[in-house]
>>> print(open('query24.tsv').read())   # TSV, N, CA and C atoms
chain	number	residue	atom	x	y	z
A	24	MET	N	53.10	175.86	120.27
A	24	MET	CA	54.24	175.04	120.55
A	24	MET	C	54.55	174.15	119.33
A	25	ASN	N	55.71	174.37	118.70
A	25	ASN	CA	56.09	173.64	117.49
A	25	ASN	C	57.00	172.48	117.87
A	26	LYS	N	56.45	171.30	117.84
A	26	LYS	CA	57.19	170.11	118.27
A	26	LYS	C	57.29	169.10	117.12
A	27	GLU	N	58.48	168.53	116.90
A	27	GLU	CA	58.64	167.51	115.87
A	27	GLU	C	58.05	166.19	116.34
A	28	PRO	N	57.40	165.45	115.44
A	28	PRO	CA	56.90	164.12	115.85
A	28	PRO	C	58.07	163.18	116.07
A	29	GLN	N	58.00	162.40	117.10
A	29	GLN	CA	59.08	161.46	117.41
A	29	GLN	C	58.74	160.10	116.81
A	30	ASP	N	59.65	159.63	115.97
A	30	ASP	CA	59.45	158.32	115.36
A	30	ASP	C	60.00	157.21	116.23
A	31	TRP	N	61.05	157.50	117.00
A	31	TRP	CA	61.69	156.46	117.79
A	31	TRP	C	61.79	156.89	119.24
A	32	HIS	N	61.50	155.98	120.12
A	32	HIS	CA	61.70	156.18	121.55
A	32	HIS	C	62.70	155.13	121.99
A	33	VAL	N	63.82	155.55	122.55
A	33	VAL	CA	64.83	154.60	123.01
A	33	VAL	C	64.88	154.66	124.53
A	34	PRO	N	64.34	153.64	125.20
A	34	PRO	CA	64.38	153.64	126.66
A	34	PRO	C	65.78	153.35	127.18
A	35	ALA	N	65.92	153.33	128.47
A	35	ALA	CA	67.23	153.15	129.11
A	35	ALA	C	67.89	151.84	128.72
A	36	GLY	N	67.10	150.79	128.42
A	36	GLY	CA	67.66	149.49	128.04
A	36	GLY	C	68.31	149.50	126.66
A	37	GLY	N	68.04	150.52	125.83
A	37	GLY	CA	68.65	150.63	124.52
A	37	GLY	C	67.88	149.94	123.42
A	38	VAL	N	66.67	149.42	123.68
A	38	VAL	CA	65.87	148.75	122.66
A	38	VAL	C	64.94	149.78	122.04
A	39	ALA	N	64.96	149.87	120.72
A	39	ALA	CA	64.14	150.87	120.05
A	39	ALA	C	62.70	150.39	119.95
A	40	LEU	N	61.78	151.28	120.20
A	40	LEU	CA	60.36	150.97	120.08
A	40	LEU	C	59.75	151.91	119.06
A	41	GLY	N	58.78	151.45	118.31
A	41	GLY	CA	58.12	152.28	117.31
A	41	GLY	C	57.22	153.31	117.96
A	42	ASN	N	56.85	154.31	117.18
A	42	ASN	CA	55.93	155.34	117.65
A	42	ASN	C	54.58	154.69	117.91
A	43	PRO	N	54.04	154.80	119.13
A	43	PRO	CA	52.78	154.13	119.42
A	43	PRO	C	51.62	154.65	118.57
A	44	GLY	N	51.70	155.88	118.08
A	44	GLY	CA	50.62	156.43	117.27
A	44	GLY	C	50.74	156.11	115.80
A	45	SER	N	51.82	155.44	115.39
A	45	SER	CA	52.05	155.15	113.98
A	45	SER	C	51.15	154.01	113.50
A	46	PRO	N	50.59	154.14	112.28
A	46	PRO	CA	49.74	153.04	111.76
A	46	PRO	C	50.56	151.82	111.35
A	47	PHE	N	51.89	151.97	111.20
A	47	PHE	CA	52.74	150.86	110.80
A	47	PHE	C	53.55	150.39	111.99
A	48	PRO	N	53.39	149.14	112.41
A	48	PRO	CA	54.20	148.66	113.53
A	48	PRO	C	55.65	148.53	113.11
A	49	GLU	N	56.55	148.94	113.97
A	49	GLU	CA	57.97	148.91	113.67
A	49	GLU	C	58.57	147.61	114.17
A	50	PRO	N	59.36	146.92	113.33
A	50	PRO	CA	60.04	145.71	113.81
A	50	PRO	C	61.22	146.09	114.70
A	51	ALA	N	61.66	145.14	115.49
A	51	ALA	CA	62.83	145.38	116.34
A	51	ALA	C	64.06	145.31	115.45
A	52	HIS	N	64.80	146.42	115.33
A	52	HIS	CA	65.97	146.50	114.47
A	52	HIS	C	67.25	146.44	115.29
A	53	ALA	N	68.32	146.13	114.60
A	53	ALA	CA	69.64	146.16	115.21
A	53	ALA	C	70.04	147.62	115.44
A	54	PRO	N	70.93	147.92	116.38
A	54	PRO	CA	71.33	149.30	116.64
A	54	PRO	C	71.91	150.01	115.42
A	55	GLU	N	72.60	149.27	114.51
A	55	GLU	CA	73.17	149.91	113.32
A	55	GLU	C	72.07	150.48	112.44
A	56	VAL	N	70.97	149.75	112.32
A	56	VAL	CA	69.87	150.22	111.49
A	56	VAL	C	69.25	151.46	112.11
A	57	ILE	N	69.15	151.49	113.43
A	57	ILE	CA	68.57	152.65	114.10
A	57	ILE	C	69.46	153.87	113.86
A	58	VAL	N	70.77	153.68	113.93
A	58	VAL	CA	71.69	154.79	113.69
A	58	VAL	C	71.56	155.25	112.25
A	59	CYS	N	71.48	154.29	111.31
A	59	CYS	CA	71.31	154.60	109.90
A	59	CYS	C	70.02	155.39	109.70
A	60	TRP	N	68.97	154.96	110.37
A	60	TRP	CA	67.67	155.60	110.26
A	60	TRP	C	67.78	157.04	110.73
A	61	ALA	N	68.53	157.26	111.80
A	61	ALA	CA	68.70	158.61	112.33
A	61	ALA	C	69.48	159.48	111.35
A	62	LEU	N	70.43	158.89	110.60
A	62	LEU	CA	71.21	159.66	109.64
A	62	LEU	C	70.36	160.17	108.48
A	63	PHE	N	69.28	159.48	108.17
A	63	PHE	CA	68.43	159.88	107.06
A	63	PHE	C	67.32	160.83	107.52
A	64	GLY	N	67.48	161.43	108.66
A	64	GLY	CA	66.52	162.44	109.11
A	64	GLY	C	65.15	161.87	109.37
A	65	ARG	N	65.09	160.63	109.82
A	65	ARG	CA	63.83	159.96	110.15
A	65	ARG	C	62.87	159.87	108.95
A	66	SER	N	63.42	159.88	107.76
A	66	SER	CA	62.60	159.73	106.57
A	66	SER	C	62.64	158.28	106.14
A	67	ARG	N	61.58	157.58	106.37
A	67	ARG	CA	61.54	156.15	106.04
A	67	ARG	C	61.71	155.92	104.54
A	68	SER	N	61.10	156.77	103.73
A	68	SER	CA	61.17	156.54	102.28
A	68	SER	C	62.60	156.70	101.76
A	69	ARG	N	63.34	157.70	102.24
A	69	ARG	CA	64.72	157.87	101.81
A	69	ARG	C	65.60	156.73	102.32
A	70	PHE	N	65.33	156.28	103.53
A	70	PHE	CA	66.09	155.18	104.11
A	70	PHE	C	65.92	153.91	103.28
A	71	TRP	N	64.65	153.54	102.99
A	71	TRP	CA	64.41	152.31	102.25
A	71	TRP	C	64.84	152.43	100.80
A	72	ALA	N	64.80	153.64	100.23
A	72	ALA	CA	65.29	153.84	98.87
A	72	ALA	C	66.80	153.60	98.82
A	73	ALA	N	67.51	154.08	99.84
A	73	ALA	CA	68.96	153.87	99.89
A	73	ALA	C	69.28	152.39	100.06
A	74	ILE	N	68.52	151.69	100.91
A	74	ILE	CA	68.74	150.26	101.12
A	74	ILE	C	68.47	149.50	99.82
A	75	ALA	N	67.39	149.84	99.12
A	75	ALA	CA	67.04	149.17	97.86
A	75	ALA	C	68.12	149.40	96.81
A	76	MET	N	68.65	150.63	96.75
A	76	MET	CA	69.69	150.94	95.78
A	76	MET	C	70.96	150.14	96.09
A	77	LEU	N	71.29	150.01	97.36
A	77	LEU	CA	72.47	149.24	97.75
A	77	LEU	C	72.30	147.77	97.36
A	78	LEU	N	71.13	147.20	97.64
A	78	LEU	CA	70.90	145.79	97.33
A	78	LEU	C	70.86	145.54	95.84
A	79	SER	N	70.28	146.46	95.06
A	79	SER	CA	70.21	146.25	93.61
A	79	SER	C	71.60	146.37	92.98
A	80	ALA	N	72.44	147.25	93.53
A	80	ALA	CA	73.79	147.38	92.99
A	80	ALA	C	74.59	146.11	93.23
A	81	VAL	N	74.35	145.46	94.35
A	81	VAL	CA	75.06	144.22	94.67
A	81	VAL	C	74.58	143.10	93.76
A	82	SER	N	73.28	143.00	93.52
A	82	SER	CA	72.75	141.88	92.75
A	82	SER	C	72.95	142.05	91.25
A	83	LEU	N	73.17	143.29	90.76
A	83	LEU	CA	73.31	143.51	89.33
A	83	LEU	C	74.76	143.50	88.86
A	84	ALA	N	75.68	143.17	89.74
A	84	ALA	CA	77.08	143.12	89.34
A	84	ALA	C	77.29	141.99	88.33
A	85	LYS	N	78.09	142.26	87.30
A	85	LYS	CA	78.34	141.24	86.29
A	85	LYS	C	79.26	140.17	86.84
A	86	SER	N	78.99	138.96	86.44
A	86	SER	CA	79.87	137.86	86.84
A	86	SER	C	80.30	137.11	85.58
A	87	LYS	N	81.45	136.47	85.67
A	87	LYS	CA	81.93	135.70	84.54
A	87	LYS	C	81.12	134.44	84.40
A	88	SER	N	80.89	134.02	83.14
A	88	SER	CA	80.14	132.79	82.92
A	88	SER	C	81.01	131.59	83.28
A	89	LYS	N	80.38	130.50	83.60
A	89	LYS	CA	81.11	129.30	84.02
A	89	LYS	C	81.57	128.46	82.83
A	90	THR	N	80.93	128.62	81.67
A	90	THR	CA	81.30	127.82	80.50
A	90	THR	C	81.72	128.71	79.35
A	91	ILE	N	82.57	128.17	78.49
A	91	ILE	CA	83.01	128.89	77.30
A	91	ILE	C	82.88	127.98	76.09
A	92	LEU	N	82.73	128.59	74.92
A	92	LEU	CA	82.65	127.86	73.66
A	92	LEU	C	84.04	127.85	73.03
A	93	VAL	N	84.52	126.65	72.66
A	93	VAL	CA	85.87	126.52	72.09
A	93	VAL	C	85.83	125.79	70.75
A	94	LYS	N	86.83	126.06	69.91
A	94	LYS	CA	86.94	125.41	68.60
A	94	LYS	C	87.91	124.25	68.72
A	95	MET	N	87.46	123.06	68.32
A	95	MET	CA	88.28	121.85	68.35
A	95	MET	C	88.72	121.53	66.92
A	96	VAL	N	90.04	121.28	66.73
A	96	VAL	CA	90.60	121.03	65.40
A	96	VAL	C	91.22	119.63	65.37
A	97	SER	N	91.00	118.93	64.25
A	97	SER	CA	91.52	117.57	64.08
A	97	SER	C	93.03	117.58	63.94
A	98	LEU	N	93.69	116.61	64.62
A	98	LEU	CA	95.14	116.48	64.50
A	98	LEU	C	95.53	115.61	63.30
A	99	ALA	N	94.53	115.08	62.57
A	99	ALA	CA	94.82	114.28	61.38
A	99	ALA	C	95.25	115.17	60.21
A	100	GLY	N	95.12	116.47	60.37
A	100	GLY	CA	95.55	117.39	59.31
A	100	GLY	C	94.50	117.61	58.23
A	101	THR	N	93.28	117.19	58.47
A	101	THR	CA	92.22	117.34	57.46
A	101	THR	C	91.60	118.74	57.48
A	102	GLY	N	91.79	119.46	58.56
A	102	GLY	CA	91.19	120.79	58.67
A	102	GLY	C	89.77	120.76	59.22
A	103	PHE	N	89.27	119.55	59.50
A	103	PHE	CA	87.92	119.43	60.06
A	103	PHE	C	87.92	119.95	61.49
A	104	SER	N	86.89	120.72	61.83
A	104	SER	CA	86.79	121.25	63.18
A	104	SER	C	85.33	121.32	63.61
A	105	PHE	N	85.12	121.41	64.88
A	105	PHE	CA	83.77	121.59	65.43
A	105	PHE	C	83.89	122.41	66.72
A	106	ASN	N	82.76	122.96	67.14
A	106	ASN	CA	82.72	123.77	68.36
A	106	ASN	C	82.09	122.97	69.49
A	107	THR	N	82.61	123.15	70.68
A	107	THR	CA	82.04	122.50	71.87
A	107	THR	C	82.20	123.44	73.05
A	108	LYS	N	81.49	123.15	74.11
A	108	LYS	CA	81.64	124.00	75.29
A	108	LYS	C	82.34	123.23	76.40
A	109	ARG	N	83.08	123.98	77.20
A	109	ARG	CA	83.79	123.40	78.33
A	109	ARG	C	83.75	124.37	79.50
A	110	SER	N	84.04	123.86	80.68
A	110	SER	CA	84.09	124.68	81.87
A	110	SER	C	85.27	125.65	81.78
A	111	ARG	N	85.07	126.86	82.26
A	111	ARG	CA	86.13	127.86	82.24
A	111	ARG	C	87.33	127.43	83.09
A	112	LEU	N	87.07	126.65	84.13
A	112	LEU	CA	88.12	126.28	85.08
A	112	LEU	C	88.95	125.08	84.62
A	113	ARG	N	88.47	124.31	83.64
A	113	ARG	CA	89.21	123.15	83.17
A	113	ARG	C	90.41	123.56	82.34
A	114	GLU	N	91.36	122.62	82.20
A	114	GLU	CA	92.50	122.85	81.31
A	114	GLU	C	92.04	122.70	79.87
A	115	LYS	N	92.95	123.00	78.93
A	115	LYS	CA	92.59	122.89	77.51
A	115	LYS	C	92.13	121.47	77.19
A	116	LEU	N	91.16	121.38	76.31
A	116	LEU	CA	90.48	120.13	76.02
A	116	LEU	C	91.19	119.36	74.89
A	117	THR	N	91.35	118.06	75.07
A	117	THR	CA	91.78	117.15	74.00
A	117	THR	C	90.89	115.93	74.11
A	118	LEU	N	90.32	115.49	72.98
A	118	LEU	CA	89.43	114.33	73.02
A	118	LEU	C	89.39	113.61	71.68
A	119	LEU	N	88.94	112.36	71.75
A	119	LEU	CA	88.75	111.56	70.53
A	119	LEU	C	87.35	111.85	69.99
A	120	HIS	N	87.29	112.12	68.69
A	120	HIS	CA	86.02	112.44	68.06
A	120	HIS	C	86.08	111.94	66.61
A	121	TYR	N	84.93	111.68	66.02
A	121	TYR	CA	84.87	111.16	64.65
A	121	TYR	C	85.21	112.26	63.64
A	122	ASP	N	86.15	111.96	62.75
A	122	ASP	CA	86.50	112.87	61.64
A	122	ASP	C	85.95	112.26	60.36
A	123	PRO	N	84.91	112.89	59.76
A	123	PRO	CA	84.27	112.29	58.57
A	123	PRO	C	85.17	112.28	57.33
A	124	ILE	N	86.21	113.07	57.31
A	124	ILE	CA	87.07	113.10	56.12
A	124	ILE	C	87.95	111.84	56.05
A	125	VAL	N	88.45	111.35	57.20
A	125	VAL	CA	89.26	110.13	57.21
A	125	VAL	C	88.44	108.92	57.68
A	126	ASN	N	87.18	109.12	57.99
A	126	ASN	CA	86.24	108.07	58.41
A	126	ASN	C	86.69	107.27	59.62
A	127	LYS	N	87.29	107.92	60.60
A	127	LYS	CA	87.63	107.25	61.85
A	127	LYS	C	87.74	108.27	62.98
A	128	LYS	N	87.88	107.74	64.19
A	128	LYS	CA	88.05	108.62	65.34
A	128	LYS	C	89.51	109.06	65.42
A	129	VAL	N	89.69	110.37	65.55
A	129	VAL	CA	91.03	110.93	65.69
A	129	VAL	C	91.06	111.89	66.87
A	130	LEU	N	92.27	112.29	67.24
A	130	LEU	CA	92.44	113.20	68.36
A	130	LEU	C	92.15	114.64	67.92
A	131	PHE	N	91.36	115.34	68.71
A	131	PHE	CA	91.06	116.75	68.49
A	131	PHE	C	91.61	117.56	69.65
A	132	THR	N	92.18	118.72	69.35
A	132	THR	CA	92.67	119.61	70.40
A	132	THR	C	91.97	120.95	70.31
A	133	GLU	N	91.94	121.62	71.45
A	133	GLU	CA	91.32	122.94	71.50
A	133	GLU	C	92.23	123.95	70.83
A	134	GLN	N	91.69	124.65	69.82
A	134	GLN	CA	92.50	125.64	69.12
A	134	GLN	C	92.35	127.02	69.76
A	135	LYS	N	91.10	127.49	69.95
A	135	LYS	CA	90.91	128.81	70.53
A	135	LYS	C	89.53	128.93	71.18
A	136	LYS	N	89.44	129.91	72.05
A	136	LYS	CA	88.17	130.22	72.68
A	136	LYS	C	87.37	131.08	71.71
A	137	ILE	N	86.10	130.72	71.51
A	137	ILE	CA	85.25	131.49	70.59
A	137	ILE	C	84.50	132.57	71.35
A	138	ARG	N	83.81	132.18	72.43
A	138	ARG	CA	83.05	133.15	73.23
A	138	ARG	C	82.65	132.57	74.55
A	139	SER	N	82.20	133.41	75.46
A	139	SER	CA	81.66	132.96	76.75
A	139	SER	C	80.18	132.66	76.60
A	140	LEU	N	79.71	131.68	77.33
A	140	LEU	CA	78.29	131.33	77.28
A	140	LEU	C	77.59	131.73	78.54
>>> encode(input="query24.tsv", output="C-alpha cells")
Amino acid sequence: MNKEPQDWHVPAGGVALGNPGSPFPEPAHAPEVIVCWALFGRSRSRFWAAIAMLLSAVSLAKSKSKTILVKMVSLAGTGFSFNTKRSRLREKLTLLHYDPIVNKKVLFTEQKKIRSL
C-alpha cells in the first residue's frame, strides 16, 4: 500500500494541526499560509525559501538618501565657495557665512547639488 505522508490534518473546525509524528512542532498558522503551504507541494524547504526570497527582495530595495551635498557660492562676487549638506526635502539653502576674501560674513546661496549622501 503506497500512501503519501500527511503533513497537515485539518479538522472540521478549520484549524490546522501539525503531523503528530513530526519531530518539529508546527505553529498555528493563518489559513493563507496553509493554502500557500499546500501550493508548494508540502515541501517546507521550498516554502521557506520562497518566503525568504520575498522578504529579502523587499528589504534590499534601494531608497533615496535623506541628505544631499550642495555647493554654496558667495554673493559678494569673490568666487569663494564651500560644500555643505542639507535635507533633500528642504528648499534651496541661503545662509550667512564667513568669506575670507572680503573678511566678513556675506550671503551664500546654493549653486548646485553635488551628490547624494
>>> closest_atom_pairs(input="query24.tsv", of="range 89-114 of chain A", to="range 119-133 of chain A", cutoff="5 Å", atoms="all atoms listed in the file", output="tab-separated table")
residue	atom	partner	partner_atom	distance
A:Lys94	C	A:Glu133	CA	4.6
A:Met95	CA	A:Thr132	C	4.3
A:Val96	N	A:Thr132	C	4.1
A:Ser97	CA	A:Phe131	CA	4.5
A:Leu98	N	A:Leu130	C	4.1
>>> atom_distance(input="query24.tsv", atom1="atom C of Lys135 in chain A", atom2="atom N of Lys85 in chain A")
23.8 Å
>>> atom_distance(input="query24.tsv", atom1="CA of Leu77 in chain A", atom2="atom C of Leu140 in chain A")
26.5 Å
>>> residues_near_point(input="query24.tsv", point="(81.7, 131.7, 82.6)", cutoff="6.5 Å", atoms="all atoms listed in the file", output="compact mmCIF listing (two decimals) with N, CA and C atoms, in the coordinates of the input")
# COMPACT_ATOMS: atom_id res chain seq x y z
N SER A 86 78.99 138.96 86.44
CA SER A 86 79.87 137.86 86.84
C SER A 86 80.30 137.11 85.58
N LYS A 87 81.45 136.47 85.67
CA LYS A 87 81.93 135.70 84.54
C LYS A 87 81.12 134.44 84.40
N SER A 88 80.89 134.02 83.14
CA SER A 88 80.14 132.79 82.92
C SER A 88 81.01 131.59 83.28
N LYS A 89 80.38 130.50 83.60
CA LYS A 89 81.11 129.30 84.02
C LYS A 89 81.57 128.46 82.83
N THR A 90 80.93 128.62 81.67
CA THR A 90 81.30 127.82 80.50
C THR A 90 81.72 128.71 79.35
N ILE A 91 82.57 128.17 78.49
CA ILE A 91 83.01 128.89 77.30
C ILE A 91 82.88 127.98 76.09
N ARG A 111 85.07 126.86 82.26
CA ARG A 111 86.13 127.86 82.24
C ARG A 111 87.33 127.43 83.09
N SER A 139 82.20 133.41 75.46
CA SER A 139 81.66 132.96 76.75
C SER A 139 80.18 132.66 76.60
N LEU A 140 79.71 131.68 77.33
CA LEU A 140 78.29 131.33 77.28
C LEU A 140 77.59 131.73 78.54
>>> atom_distance(input="query24.tsv", atom1="CA of Lys136 in chain A", atom2="atom N of Leu112 in chain A")
12.0 Å
